[in-house]
Each structure stands twice: as structure tokens, then as C-alpha cells.
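Engineer: File run.cif follows (mmCIF, N, CA and C atoms):
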```cif
data_query
#
loop_
_atom_site.label_atom_id
_atom_site.label_comp_id
_atom_site.auth_asym_id
_atom_site.auth_seq_id
_atom_site.Cartn_x
_atom_site.Cartn_y
_atom_site.Cartn_z
N MET Z 19 23.14 -8.59 -18.95
CA MET Z 19 22.20 -9.67 -18.83
C MET Z 19 20.83 -9.26 -19.36
N ALA Z 20 20.39 -8.03 -19.05
CA ALA Z 20 19.08 -7.59 -19.52
C ALA Z 20 19.02 -7.60 -21.05
N ASP Z 21 20.10 -7.18 -21.70
CA ASP Z 21 20.13 -7.21 -23.16
C ASP Z 21 20.09 -8.64 -23.68
N PHE Z 22 20.82 -9.53 -23.04
CA PHE Z 22 20.84 -10.93 -23.44
C PHE Z 22 19.45 -11.55 -23.37
N LEU Z 23 18.71 -11.25 -22.32
CA LEU Z 23 17.37 -11.84 -22.17
C LEU Z 23 16.43 -11.43 -23.29
N LEU Z 24 16.66 -10.27 -23.88
CA LEU Z 24 15.80 -9.83 -24.99
C LEU Z 24 16.01 -10.65 -26.25
N THR Z 25 17.05 -11.48 -26.30
CA THR Z 25 17.26 -12.33 -27.48
C THR Z 25 16.34 -13.54 -27.48
N TYR Z 26 15.67 -13.82 -26.36
CA TYR Z 26 14.71 -14.93 -26.33
C TYR Z 26 13.50 -14.58 -27.18
N GLU Z 27 13.02 -15.54 -27.94
CA GLU Z 27 11.89 -15.33 -28.84
C GLU Z 27 10.68 -14.84 -28.05
N GLY Z 28 10.07 -13.79 -28.55
CA GLY Z 28 8.87 -13.24 -27.94
C GLY Z 28 9.10 -12.26 -26.81
N MET Z 29 10.35 -12.09 -26.38
CA MET Z 29 10.63 -11.15 -25.29
C MET Z 29 10.52 -9.72 -25.80
N ARG Z 30 9.81 -8.88 -25.06
CA ARG Z 30 9.71 -7.47 -25.40
C ARG Z 30 10.29 -6.58 -24.31
N TRP Z 31 10.32 -7.09 -23.08
CA TRP Z 31 10.88 -6.36 -21.94
C TRP Z 31 11.73 -7.30 -21.11
N SER Z 32 12.74 -6.78 -20.47
CA SER Z 32 13.48 -7.55 -19.47
C SER Z 32 13.84 -6.63 -18.31
N VAL Z 33 13.78 -7.21 -17.12
CA VAL Z 33 14.15 -6.51 -15.89
C VAL Z 33 15.15 -7.39 -15.17
N VAL Z 34 16.29 -6.83 -14.85
CA VAL Z 34 17.34 -7.57 -14.16
C VAL Z 34 17.77 -6.75 -12.95
N THR Z 35 17.98 -7.43 -11.82
CA THR Z 35 18.45 -6.74 -10.63
C THR Z 35 19.78 -7.33 -10.17
N GLY Z 36 20.53 -6.51 -9.47
CA GLY Z 36 21.79 -6.94 -8.88
C GLY Z 36 22.01 -6.19 -7.58
N ARG Z 37 22.73 -6.79 -6.68
CA ARG Z 37 22.98 -6.21 -5.37
C ARG Z 37 24.42 -5.70 -5.28
N TYR Z 38 24.56 -4.45 -4.84
CA TYR Z 38 25.91 -3.91 -4.67
C TYR Z 38 25.85 -2.73 -3.71
N ALA Z 39 26.75 -2.74 -2.74
CA ALA Z 39 26.96 -1.62 -1.82
C ALA Z 39 25.66 -1.15 -1.18
N GLY Z 40 24.83 -2.09 -0.76
CA GLY Z 40 23.61 -1.73 -0.05
C GLY Z 40 22.48 -1.24 -0.93
N ARG Z 41 22.66 -1.33 -2.24
CA ARG Z 41 21.61 -0.88 -3.16
C ARG Z 41 21.21 -2.03 -4.09
N LEU Z 42 19.94 -2.06 -4.43
CA LEU Z 42 19.43 -2.99 -5.43
C LEU Z 42 19.44 -2.24 -6.76
N HIS Z 43 20.31 -2.66 -7.65
CA HIS Z 43 20.45 -2.01 -8.96
C HIS Z 43 19.52 -2.70 -9.95
N VAL Z 44 18.88 -1.90 -10.80
CA VAL Z 44 17.86 -2.41 -11.72
C VAL Z 44 18.21 -1.98 -13.14
N SER Z 45 18.18 -2.94 -14.07
CA SER Z 45 18.33 -2.65 -15.49
C SER Z 45 17.02 -3.02 -16.17
N LEU Z 46 16.51 -2.12 -16.97
CA LEU Z 46 15.27 -2.33 -17.71
C LEU Z 46 15.57 -2.14 -19.19
N ARG Z 47 15.15 -3.10 -20.00
CA ARG Z 47 15.36 -3.03 -21.44
C ARG Z 47 14.07 -3.38 -22.16
N THR Z 48 13.91 -2.82 -23.36
CA THR Z 48 12.77 -3.16 -24.21
C THR Z 48 13.22 -3.21 -25.66
N THR Z 49 12.48 -3.95 -26.46
CA THR Z 49 12.74 -3.99 -27.90
C THR Z 49 11.88 -2.98 -28.64
N SER Z 50 10.98 -2.32 -27.94
CA SER Z 50 10.02 -1.40 -28.56
C SER Z 50 10.57 0.02 -28.63
N VAL Z 51 10.62 0.56 -29.83
CA VAL Z 51 11.06 1.95 -29.99
C VAL Z 51 9.93 2.92 -29.64
N ASP Z 52 8.72 2.41 -29.45
CA ASP Z 52 7.57 3.25 -29.11
C ASP Z 52 7.44 3.50 -27.61
N GLN Z 53 8.28 2.87 -26.81
CA GLN Z 53 8.23 3.02 -25.36
C GLN Z 53 9.37 3.93 -24.91
N HIS Z 54 9.38 4.25 -23.64
CA HIS Z 54 10.48 5.02 -23.07
C HIS Z 54 10.86 4.37 -21.75
N ALA Z 55 11.88 3.53 -21.79
CA ALA Z 55 12.29 2.75 -20.62
C ALA Z 55 12.70 3.65 -19.46
N GLY Z 56 13.33 4.78 -19.75
CA GLY Z 56 13.76 5.69 -18.69
C GLY Z 56 12.59 6.21 -17.88
N ARG Z 57 11.57 6.70 -18.56
CA ARG Z 57 10.38 7.18 -17.85
C ARG Z 57 9.68 6.03 -17.13
N ALA Z 58 9.65 4.87 -17.78
CA ALA Z 58 9.00 3.70 -17.17
C ALA Z 58 9.68 3.34 -15.86
N LEU Z 59 11.01 3.29 -15.84
CA LEU Z 59 11.71 2.88 -14.63
C LEU Z 59 11.52 3.90 -13.51
N LYS Z 60 11.45 5.18 -13.85
CA LYS Z 60 11.18 6.19 -12.82
C LYS Z 60 9.83 5.93 -12.17
N GLN Z 61 8.83 5.57 -12.97
CA GLN Z 61 7.51 5.25 -12.41
C GLN Z 61 7.55 3.97 -11.60
N ILE Z 62 8.25 2.97 -12.09
CA ILE Z 62 8.31 1.67 -11.42
C ILE Z 62 9.00 1.79 -10.06
N LEU Z 63 10.11 2.50 -10.00
CA LEU Z 63 10.86 2.62 -8.74
C LEU Z 63 10.27 3.66 -7.80
N GLY Z 64 9.51 4.59 -8.33
CA GLY Z 64 8.88 5.59 -7.48
C GLY Z 64 9.83 6.71 -7.08
N GLY Z 65 9.26 7.70 -6.45
CA GLY Z 65 10.03 8.86 -6.02
C GLY Z 65 11.05 8.50 -4.95
N GLY Z 66 12.10 9.26 -4.91
CA GLY Z 66 13.13 9.04 -3.90
C GLY Z 66 14.17 8.01 -4.27
N ASN Z 67 13.98 7.35 -5.39
CA ASN Z 67 14.95 6.36 -5.86
C ASN Z 67 15.63 6.89 -7.11
N ARG Z 68 16.77 6.34 -7.42
CA ARG Z 68 17.53 6.78 -8.59
C ARG Z 68 17.09 5.99 -9.81
N ALA Z 69 16.78 6.70 -10.90
CA ALA Z 69 16.41 6.03 -12.15
C ALA Z 69 16.54 7.01 -13.30
N GLY Z 70 16.90 6.48 -14.46
CA GLY Z 70 16.99 7.28 -15.66
C GLY Z 70 17.28 6.39 -16.85
N GLY Z 71 17.23 6.98 -18.01
CA GLY Z 71 17.52 6.20 -19.20
C GLY Z 71 16.98 6.83 -20.46
N HIS Z 72 16.78 6.00 -21.44
CA HIS Z 72 16.38 6.43 -22.77
C HIS Z 72 15.19 5.60 -23.22
N ARG Z 73 14.90 5.62 -24.52
CA ARG Z 73 13.74 4.88 -25.04
C ARG Z 73 13.81 3.38 -24.76
N MET Z 74 14.94 2.76 -25.04
CA MET Z 74 15.00 1.30 -25.00
C MET Z 74 15.83 0.74 -23.85
N MET Z 75 16.44 1.60 -23.05
CA MET Z 75 17.23 1.10 -21.92
C MET Z 75 17.18 2.09 -20.77
N ALA Z 76 17.22 1.52 -19.56
CA ALA Z 76 17.20 2.36 -18.37
C ALA Z 76 17.90 1.64 -17.23
N GLY Z 77 18.31 2.41 -16.26
CA GLY Z 77 18.93 1.86 -15.08
C GLY Z 77 18.55 2.68 -13.87
N GLY Z 78 18.61 2.05 -12.72
CA GLY Z 78 18.29 2.75 -11.49
C GLY Z 78 18.67 1.91 -10.30
N SER Z 79 18.40 2.43 -9.11
CA SER Z 79 18.70 1.67 -7.91
C SER Z 79 17.80 2.10 -6.76
N VAL Z 80 17.69 1.19 -5.81
CA VAL Z 80 16.87 1.38 -4.62
C VAL Z 80 17.75 1.11 -3.41
N GLU Z 81 17.70 1.97 -2.42
CA GLU Z 81 18.47 1.77 -1.19
C GLU Z 81 17.86 0.61 -0.40
N VAL Z 82 18.69 -0.37 -0.08
CA VAL Z 82 18.26 -1.50 0.74
C VAL Z 82 18.99 -1.46 2.08
N GLY Z 83 20.26 -1.13 2.04
CA GLY Z 83 21.04 -1.00 3.27
C GLY Z 83 22.19 -1.98 3.35
N GLN Z 84 23.35 -1.46 3.74
CA GLN Z 84 24.52 -2.32 3.93
C GLN Z 84 24.20 -3.34 5.02
N GLY Z 85 24.51 -4.58 4.76
CA GLY Z 85 24.30 -5.62 5.75
C GLY Z 85 22.86 -6.03 5.95
N ALA Z 86 21.98 -5.62 5.03
CA ALA Z 86 20.57 -5.99 5.16
C ALA Z 86 20.42 -7.51 5.07
N PRO Z 87 19.51 -8.09 5.84
CA PRO Z 87 19.31 -9.53 5.78
C PRO Z 87 18.71 -9.96 4.45
N GLU Z 88 18.88 -11.23 4.13
CA GLU Z 88 18.41 -11.78 2.86
C GLU Z 88 16.93 -11.50 2.62
N LYS Z 89 16.10 -11.61 3.65
CA LYS Z 89 14.66 -11.40 3.45
C LYS Z 89 14.35 -9.97 3.02
N VAL Z 90 15.15 -9.01 3.45
CA VAL Z 90 14.95 -7.61 3.05
C VAL Z 90 15.31 -7.45 1.57
N TRP Z 91 16.42 -8.07 1.16
CA TRP Z 91 16.80 -8.02 -0.26
C TRP Z 91 15.71 -8.66 -1.12
N ARG Z 92 15.24 -9.83 -0.71
CA ARG Z 92 14.20 -10.53 -1.48
C ARG Z 92 12.93 -9.70 -1.58
N ARG Z 93 12.57 -9.04 -0.48
CA ARG Z 93 11.37 -8.19 -0.49
C ARG Z 93 11.55 -7.03 -1.48
N ALA Z 94 12.74 -6.45 -1.52
CA ALA Z 94 13.00 -5.35 -2.46
C ALA Z 94 12.94 -5.86 -3.89
N GLU Z 95 13.53 -7.02 -4.16
CA GLU Z 95 13.49 -7.59 -5.51
C GLU Z 95 12.05 -7.89 -5.92
N GLU Z 96 11.30 -8.47 -5.03
CA GLU Z 96 9.90 -8.79 -5.31
C GLU Z 96 9.10 -7.51 -5.55
N GLY Z 97 9.40 -6.47 -4.78
CA GLY Z 97 8.70 -5.20 -4.95
C GLY Z 97 8.94 -4.60 -6.32
N VAL Z 98 10.17 -4.66 -6.80
CA VAL Z 98 10.49 -4.14 -8.14
C VAL Z 98 9.76 -4.96 -9.19
N ALA Z 99 9.80 -6.28 -9.06
CA ALA Z 99 9.14 -7.15 -10.04
C ALA Z 99 7.63 -6.90 -10.07
N ARG Z 100 7.02 -6.78 -8.92
CA ARG Z 100 5.57 -6.54 -8.87
C ARG Z 100 5.22 -5.16 -9.41
N ALA Z 101 6.04 -4.16 -9.11
CA ALA Z 101 5.80 -2.81 -9.64
C ALA Z 101 5.90 -2.81 -11.16
N PHE Z 102 6.84 -3.58 -11.71
CA PHE Z 102 6.94 -3.68 -13.16
C PHE Z 102 5.68 -4.31 -13.74
N LEU Z 103 5.21 -5.39 -13.13
CA LEU Z 103 3.99 -6.04 -13.62
C LEU Z 103 2.79 -5.10 -13.56
N ARG Z 104 2.66 -4.35 -12.48
CA ARG Z 104 1.56 -3.37 -12.39
C ARG Z 104 1.69 -2.33 -13.49
N TRP Z 105 2.90 -1.83 -13.70
CA TRP Z 105 3.12 -0.82 -14.73
C TRP Z 105 2.73 -1.35 -16.10
N ARG Z 106 2.99 -2.64 -16.35
CA ARG Z 106 2.64 -3.25 -17.64
C ARG Z 106 1.15 -3.59 -17.74
N GLY Z 107 0.41 -3.40 -16.66
CA GLY Z 107 -1.03 -3.67 -16.70
C GLY Z 107 -1.40 -5.12 -16.46
N ALA Z 108 -0.51 -5.87 -15.83
CA ALA Z 108 -0.80 -7.28 -15.53
C ALA Z 108 -1.91 -7.36 -14.49
N PRO Z 109 -2.64 -8.47 -14.46
CA PRO Z 109 -3.68 -8.65 -13.44
C PRO Z 109 -3.09 -8.54 -12.03
N ALA Z 110 -3.91 -8.13 -11.09
CA ALA Z 110 -3.44 -7.91 -9.72
C ALA Z 110 -2.85 -9.17 -9.10
N ASP Z 111 -3.31 -10.34 -9.52
CA ASP Z 111 -2.81 -11.58 -8.94
C ASP Z 111 -1.62 -12.17 -9.71
N ALA Z 112 -1.11 -11.43 -10.69
CA ALA Z 112 0.05 -11.91 -11.46
C ALA Z 112 1.26 -12.03 -10.54
N ARG Z 113 2.00 -13.09 -10.72
CA ARG Z 113 3.19 -13.33 -9.89
C ARG Z 113 4.44 -13.27 -10.78
N PRO Z 114 5.44 -12.53 -10.34
CA PRO Z 114 6.68 -12.47 -11.12
C PRO Z 114 7.40 -13.82 -11.10
N GLU Z 115 8.10 -14.09 -12.18
CA GLU Z 115 8.92 -15.29 -12.26
C GLU Z 115 10.38 -14.88 -12.19
N HIS Z 116 11.18 -15.72 -11.58
CA HIS Z 116 12.61 -15.46 -11.42
C HIS Z 116 13.37 -16.70 -11.90
N PRO Z 117 13.35 -16.97 -13.21
CA PRO Z 117 13.93 -18.23 -13.69
C PRO Z 117 15.43 -18.34 -13.51
N PHE Z 118 16.14 -17.24 -13.35
CA PHE Z 118 17.59 -17.30 -13.25
C PHE Z 118 18.11 -16.98 -11.85
N ARG Z 119 17.20 -16.80 -10.91
CA ARG Z 119 17.61 -16.52 -9.53
C ARG Z 119 17.88 -17.84 -8.82
N GLU Z 120 18.89 -17.84 -7.99
CA GLU Z 120 19.20 -19.04 -7.21
C GLU Z 120 18.03 -19.36 -6.29
N ALA Z 121 17.79 -20.64 -6.09
CA ALA Z 121 16.68 -21.07 -5.21
C ALA Z 121 17.00 -20.82 -3.77
#
```
Could I get this file's structure written as C-alpha cells?

Structural biologist:
Amino acid sequence: MADFLLTYEGMRWSVVTGRYAGRLHVSLRTTSVDQHAGRALKQILGGGNRAGGHRMMAGGSVEVGQGAPEKVWRRAEEGVARAFLRWRGAPADARPEHPFREA
């Protein structure tokens, strides 16, 4: 899905999350060969979380917990999205968009 989102005109980065086995899995992709998605995702997820990758693609995960309530999952997803925006240098009041997430 992260690769597919990069086909949209003007897209340079995509971040996609998925839930599995108590972990929030994160895929990060970029079209820029001048960036390093693996290092970026390590910074975005912070210490203690799993992350790695290469220049244009990276993956990682954050422990949320088996059986965690929906609000905990949403908070984790929002945290990843906000951390990505901060890493990209977005204004402090920037809000992530989730156009493909169920309402």
C-alpha cells in the first residue's frame, strides 16, 4: 500500500500502518534517492522500537499490546503520524490526515 500511494501525483513520502499480533506495523516509503528511509523510521519510532530499512523503503513496529482497546491503537497510530510530521519539519499545529482509514 505504501508503494501504491507514491503513485499519486506530487507524493514524495508515504506512511502506512497496520495492526497485527499486538504490534502496530509501519511502512515508510519515499521517492527521493537523497533520503534514507531506514534511518528516518528509526528516528520517527524512537528507541526501543523495531525499525530498519534502506534509502527509499523502511519498515518497523511498535508494541501496542494484545487485546488493546481501540483508543490505544488510535493513539499509537496518531503518535506515529505526528512523529513523522515533526521529522519532516511540519509546523507544530500540523494535523495528520488519514484519508484511507475507516471512520

Engineer: I'd like to know which residues of chain Z are strand (DSSP E or B) (by DSSP, run on the backbone); could you write them as JSON, numbers by chain?

Structural biologist: {"Z": [31, 32, 33, 34, 35, 36, 37, 38, 41, 42, 43, 44, 45, 46, 47, 48, 68, 69, 70, 71, 75, 76, 77, 78, 79, 80, 81]}

Engineer: Quick one, how far is CA of Lys60 (chain Z) from atom C of Phe22 (chain Z)?

Structural biologist: 22.2 Å

Engineer: Report as CSV the residues of region 48-69 of chain Z within 9 Å of region 86-104 of chain Z, each with its shortest atom pair and distance in Å (one decimal), using only C-alpha atoms, ordered by chain and increasing residue number.

Structural biologist:
```
residue,atom,partner,partner_atom,distance
Z:Ala58,CA,Z:Phe102,CA,8.6
Z:Leu59,CA,Z:Phe102,CA,8.2
Z:Gln61,CA,Z:Ala101,CA,8.7
Z:Ile62,CA,Z:Ala101,CA,5.4
Z:Leu63,CA,Z:Val98,CA,6.8
```

Engineer: Which residues are close to Arg30 (chain Z), i.e. within 6.5 Å by all atoms listed in the file, leaving aside same-chain residues fewer than 5 positions away? Reply as number ranges by chain.

Structural biologist: Z: 24, 47-50

Engineer: Take the PyMOL selection byres ((chain Z and resi 35) around 8), apply it to the structure above, and return the hits as an NGL selection string.

Structural biologist: :Z and (20 or 32-34 or 36-38 or 42-46 or 95)

Engineer: Quick one: DSSP alpha helix (DSSP H) residues in region 85-116 of chain Z, as a ChimeraX atom specification?

Structural biologist: /Z:88-105

Engineer: Name the residues that the PyMOL selection byres ((chain Z and resi 78) around 5) picks from the file above, as a list of chain:residue names, using the file's chain letters and numbers.

Structural biologist: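 When the PyMOL selection byres ((chain Z and resi 78) around 5) is applied, the selected residues are Z:His43, Z:Val44, Z:Arg68, Z:Ala69, Z:Gly70, Z:Ala76, Z:Gly77, Z:Ser79, Z:Val80.
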
Engineer: I'd like the interatomic distance between atom C of Gly40 (chain Z) and atom C of Asn67 (chain Z), to a tenth of an Å.

Structural biologist: 12.3 Å

Engineer: What is the distance, in Å and to one decimal place, between atom N of His54 (chain Z) and atom N of Arg73 (chain Z)?

Structural biologist: 5.8 Å

Engineer: Using the chain letters and numbers from the file, which residues does the PyMOL selection byres (((chain Z and resi 84 and name CA) around 8) and name CA) grab, as a PyMOL selection string?

Structural biologist: chain Z and resi 39-41+82-83+85-86

Engineer: Gly71 (chain Z): which residues within 6.5 Å, counting only N, CA and C atoms, same-chain residues fewer than 6 positions away excluded, as a PyMOL selection string?

Structural biologist: chain Z and resi 55-57+77
